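Peer 1: This is the structure I want to talk about, given as structure tokens.
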Amino acid sequence: MTLLTLFWAFFQVGLFAFGGGLAALPLIRQQVVVIHPWLDMAAFTDLVTIAEMTPGPIALNASTFVGTQVAGLPGAVVATLGCITPSLIIVLILARVYRAWRDKAAFQGVLSGLRPAAVALIASAGMSILILALFGPGARIALEAMDWVALGCFALALLVLRKWKPSPILVMVGAGVLGAAVKLLLFG
Amino acid sequence: MKNQQPRLLTLFLSVFKISAFTFGGGYVIVPLMRKRFAEDLGWVQQEEMLDMIAIAQSAPGPIAVNTSILLGYRVLGLKGALVSVLGTALPPLIVLSVISYFYQAFRQNQWIAALMNAMRAGVAAVIVDVVWTMAGNIFRKRQATPVLLMLAAFAAVWLFKVNIILVLLACGLLGLMDAWLRSRREGV
């Protein structure tokens, strides 16, 4: 039963995640934090960190991680299959339809509506993670609760990303090492 | 090496390696697939490859998964599609299962906990950077509809916690209506 629920949850993620792995994150959050009590927000953010740090498509990394946490290796396989199945069906159909429809205004119209929505979804996921990074899980958003080291890491990471466009993995690991070193060495 | 007859084993090993060693998700994996299959192996034309990436991005699901399905289908039919998606999905399944099993032990280690907490700030910076670039592209088009859709979708998801799938459906429909209205205006 859990396996079926897992499959269905990630089937929906695969079905509605337009715009790649980052767009899938808010959908995954909806399924595994909001609808099902599989992860809390802190564990979900760890999941995002791990999914981005490890090689491979982010959505598949996330499926495997959640699947394993919920139901071990069978869970991982089922969640991954759930995430892939809609792609298999839809992409194979699209491959055939595409040539006939490529220039149709209606097709372009739907896409032009989905692209800004995808940006909004990613922005929303980013806000949730930023607030968690700065104020901690469950803390209220107030100046006293602000984690100044995290804020410094965030600002520095963003500056480096905008200025030199390095690999995101380097920036994330860099922010982690810097923040952990400052916290543990200076503040014990 | 170039213009070899497409073989299932070569297809499998190629996508497996790309998925296993590429950090950063679909936006990094797809250019590598293009290099491998269009430039190195010569199985598909450069232009065909670009078309496949376009289809992969307009379909739901992980972009890397969608591209690998299209590629496999194009060179070796349905069998190719299945082998290709298997090669893409296996590396994350293996890597993440291992990491996920050690997750609890990881989390209790003081250094790793501090590292993960600080890395959240880096993840937030990476996501903000992506959103910055994507939103910038939408603003630069200087069309009212996409900008309004983006802001409305963000408000709906972030402030009012509307179901994400509803937001996507609404944006797709509004994009379709917008295209229809525009074509009527221009047609008359």
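Letters A, B, ... mark the chains of the structure tokens in the order given; residue numbers begin at 1 per chain; ligand numbers begin at 1, in order shown.
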Near chain A, which residues of chain B fall within 6 Å when you count only C-alpha atoms, and what do they look like as a ChimeraX atom specification?
Peer 2: /B:19-26,57,60-63,92-93,96,100,114-115,118-125,127,131,146,150,153-154,158,171-172,175-176,179
Peer 1: Please identify all polymer residues within 12 Å of B:Leu11, counting only C-alpha atoms, omitting same-chain residues fewer than 3 positions from it, and present them as a PDB file with N, CA and C atoms, in the first residue's frame.
Peer 2:
ATOM      1  N   GLN B   4      29.160   5.244 -36.366  1.00  0.00           N
ATOM      2  CA  GLN B   4      28.965   3.826 -36.116  1.00  0.00           C
ATOM      3  C   GLN B   4      27.486   3.506 -36.172  1.00  0.00           C
ATOM      4  N   GLN B   5      27.175   2.256 -36.417  1.00  0.00           N
ATOM      5  CA  GLN B   5      25.809   1.774 -36.286  1.00  0.00           C
ATOM      6  C   GLN B   5      25.409   1.894 -34.813  1.00  0.00           C
ATOM      7  N   PRO B   6      24.235   2.488 -34.490  1.00  0.00           N
ATOM      8  CA  PRO B   6      23.829   2.588 -33.087  1.00  0.00           C
ATOM      9  C   PRO B   6      23.695   1.210 -32.448  1.00  0.00           C
ATOM     10  N   ARG B   7      24.284   1.043 -31.260  1.00  0.00           N
ATOM     11  CA  ARG B   7      24.182  -0.225 -30.542  1.00  0.00           C
ATOM     12  C   ARG B   7      23.610  -0.001 -29.157  1.00  0.00           C
ATOM     13  N   LEU B   8      22.808  -0.957 -28.687  1.00  0.00           N
ATOM     14  CA  LEU B   8      22.163  -0.817 -27.381  1.00  0.00           C
ATOM     15  C   LEU B   8      23.179  -0.646 -26.258  1.00  0.00           C
ATOM     16  N   SER B  14      26.825   5.007 -22.557  1.00  0.00           N
ATOM     17  CA  SER B  14      26.985   6.456 -22.729  1.00  0.00           C
ATOM     18  C   SER B  14      26.094   7.234 -21.778  1.00  0.00           C
ATOM     19  N   VAL B  15      24.795   6.897 -21.740  1.00  0.00           N
ATOM     20  CA  VAL B  15      23.906   7.657 -20.863  1.00  0.00           C
ATOM     21  C   VAL B  15      24.213   7.363 -19.392  1.00  0.00           C
ATOM     22  N   PHE B  16      24.623   6.120 -19.090  1.00  0.00           N
ATOM     23  CA  PHE B  16      24.961   5.766 -17.713  1.00  0.00           C
ATOM     24  C   PHE B  16      26.116   6.633 -17.215  1.00  0.00           C
ATOM     25  N   LYS B  17      27.163   6.741 -18.032  1.00  0.00           N
ATOM     26  CA  LYS B  17      28.332   7.538 -17.632  1.00  0.00           C
ATOM     27  C   LYS B  17      27.965   9.010 -17.456  1.00  0.00           C
ATOM     28  N   ILE B  18      27.180   9.537 -18.407  1.00  0.00           N
ATOM     29  CA  ILE B  18      26.807  10.956 -18.318  1.00  0.00           C
ATOM     30  C   ILE B  18      26.002  11.204 -17.045  1.00  0.00           C
ATOM     31  N   MET B  33      24.958  15.230 -23.390  1.00  0.00           N
ATOM     32  CA  MET B  33      24.353  14.241 -24.285  1.00  0.00           C
ATOM     33  C   MET B  33      24.505  14.682 -25.730  1.00  0.00           C
ATOM     34  N   ARG B  36      28.052  13.997 -26.860  1.00  0.00           N
ATOM     35  CA  ARG B  36      28.325  12.575 -27.024  1.00  0.00           C
ATOM     36  C   ARG B  36      27.646  12.005 -28.271  1.00  0.00           C
ATOM     37  N   PHE B  37      26.354  12.257 -28.433  1.00  0.00           N
ATOM     38  CA  PHE B  37      25.596  11.560 -29.474  1.00  0.00           C
ATOM     39  C   PHE B  37      25.634  12.261 -30.830  1.00  0.00           C
ATOM     40  N   LEU B  41      29.596  10.398 -31.452  1.00  0.00           N
ATOM     41  CA  LEU B  41      29.114   9.174 -32.107  1.00  0.00           C
ATOM     42  C   LEU B  41      28.507   9.439 -33.481  1.00  0.00           C
ATOM     43  N   TRP B  43      25.394   9.786 -34.214  1.00  0.00           N
ATOM     44  CA  TRP B  43      24.153   9.031 -34.415  1.00  0.00           C
ATOM     45  C   TRP B  43      23.003   9.928 -34.851  1.00  0.00           C
ATOM     46  N   SER B  68      16.862  11.630 -22.813  1.00  0.00           N
ATOM     47  CA  SER B  68      17.400  10.287 -23.025  1.00  0.00           C
ATOM     48  C   SER B  68      16.350   9.379 -23.666  1.00  0.00           C
ATOM     49  N   ILE B  69      15.075   9.549 -23.314  1.00  0.00           N
ATOM     50  CA  ILE B  69      14.007   8.753 -23.949  1.00  0.00           C
ATOM     51  C   ILE B  69      13.933   9.071 -25.442  1.00  0.00           C
ATOM     52  N   LEU B  71      16.215  10.378 -27.395  1.00  0.00           N
ATOM     53  CA  LEU B  71      17.425   9.915 -28.062  1.00  0.00           C
ATOM     54  C   LEU B  71      17.358   8.420 -28.342  1.00  0.00           C
ATOM     55  N   GLY B  72      17.047   7.652 -27.315  1.00  0.00           N
ATOM     56  CA  GLY B  72      16.971   6.200 -27.441  1.00  0.00           C
ATOM     57  C   GLY B  72      15.934   5.806 -28.476  1.00  0.00           C
ATOM     58  N   TYR B  73      14.779   6.476 -28.444  1.00  0.00           N
ATOM     59  CA  TYR B  73      13.696   6.181 -29.379  1.00  0.00           C
ATOM     60  C   TYR B  73      14.114   6.503 -30.809  1.00  0.00           C
ATOM     61  N   ARG B  74      14.806   7.618 -30.967  1.00  0.00           N
ATOM     62  CA  ARG B  74      15.236   8.051 -32.293  1.00  0.00           C
ATOM     63  C   ARG B  74      16.237   7.056 -32.902  1.00  0.00           C
ATOM     64  N   VAL B  75      17.219   6.554 -32.120  1.00  0.00           N
ATOM     65  CA  VAL B  75      18.249   5.716 -32.716  1.00  0.00           C
ATOM     66  C   VAL B  75      17.884   4.231 -32.732  1.00  0.00           C
ATOM     67  N   LEU B  76      17.109   3.748 -31.741  1.00  0.00           N
ATOM     68  CA  LEU B  76      16.837   2.304 -31.695  1.00  0.00           C
ATOM     69  C   LEU B  76      15.387   1.962 -31.328  1.00  0.00           C
ATOM     70  N   LYS B  79      12.774  -0.077 -27.857  1.00  0.00           N
ATOM     71  CA  LYS B  79      13.819  -0.775 -27.112  1.00  0.00           C
ATOM     72  C   LYS B  79      14.905   0.223 -26.684  1.00  0.00           C
ATOM     73  N   GLY B  80      15.312   1.055 -27.628  1.00  0.00           N
ATOM     74  CA  GLY B  80      16.324   2.073 -27.350  1.00  0.00           C
ATOM     75  C   GLY B  80      15.865   3.036 -26.272  1.00  0.00           C
ATOM     76  N   ALA B  81      14.582   3.453 -26.328  1.00  0.00           N
ATOM     77  CA  ALA B  81      14.045   4.383 -25.335  1.00  0.00           C
ATOM     78  C   ALA B  81      14.125   3.773 -23.935  1.00  0.00           C
ATOM     79  N   LEU B  82      13.755   2.493 -23.822  1.00  0.00           N
ATOM     80  CA  LEU B  82      13.754   1.843 -22.512  1.00  0.00           C
ATOM     81  C   LEU B  82      15.179   1.680 -21.972  1.00  0.00           C
ATOM     82  N   VAL B  83      16.093   1.230 -22.839  1.00  0.00           N
ATOM     83  CA  VAL B  83      17.486   1.049 -22.420  1.00  0.00           C
ATOM     84  C   VAL B  83      18.085   2.388 -21.995  1.00  0.00           C
ATOM     85  N   SER B  84      17.779   3.417 -22.752  1.00  0.00           N
ATOM     86  CA  SER B  84      18.335   4.735 -22.488  1.00  0.00           C
ATOM     87  C   SER B  84      17.842   5.299 -21.149  1.00  0.00           C
ATOM     88  N   VAL B  85      16.557   5.145 -20.864  1.00  0.00           N
ATOM     89  CA  VAL B  85      16.014   5.687 -19.622  1.00  0.00           C
ATOM     90  C   VAL B  85      16.531   4.873 -18.425  1.00  0.00           C
ATOM     91  N   LEU B  86      16.748   3.575 -18.649  1.00  0.00           N
ATOM     92  CA  LEU B  86      17.333   2.740 -17.598  1.00  0.00           C
ATOM     93  C   LEU B  86      18.755   3.213 -17.268  1.00  0.00           C
ATOM     94  N   GLY B  87      19.536   3.473 -18.295  1.00  0.00           N
ATOM     95  CA  GLY B  87      20.906   3.944 -18.094  1.00  0.00           C
ATOM     96  C   GLY B  87      20.958   5.275 -17.369  1.00  0.00           C
ATOM     97  N   THR B  88      19.954   6.133 -17.608  1.00  0.00           N
ATOM     98  CA  THR B  88      19.911   7.429 -16.934  1.00  0.00           C
ATOM     99  C   THR B  88      19.474   7.289 -15.480  1.00  0.00           C
TER     100      THR B  88
END
Peer 1: Mind checking which residues fall within 7 Å of stretch 46-52 of chain B, counting only C-alpha atoms, ignoring those fewer than 3 positions away in the same chain, and posting them as JSON, numbers by chain?
Peer 2: {"B": [34, 38, 55, 56, 67, 70]}
Peer 1: Report, in Å with one decimal, the straight-line distance from atom CA of B:Leu13 to atom CA of B:Gly42.
Peer 2: 15.9 Å
Peer 1: Quick one: pull the distance between atom CA of A:Arg29 and atom CA of B:Ile165, Å, one decimal.
Peer 2: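 We find that atom CA of A:Arg29 and atom CA of B:Ile165 lie 12.5 Å from each other.
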Peer 1: One number please: atom CA of A:Ile93 to atom CA of B:Leu32, in Å, one decimal.
Peer 2: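 Atom CA of B:Leu32 lies 24.5 Å from atom CA of A:Ile93.
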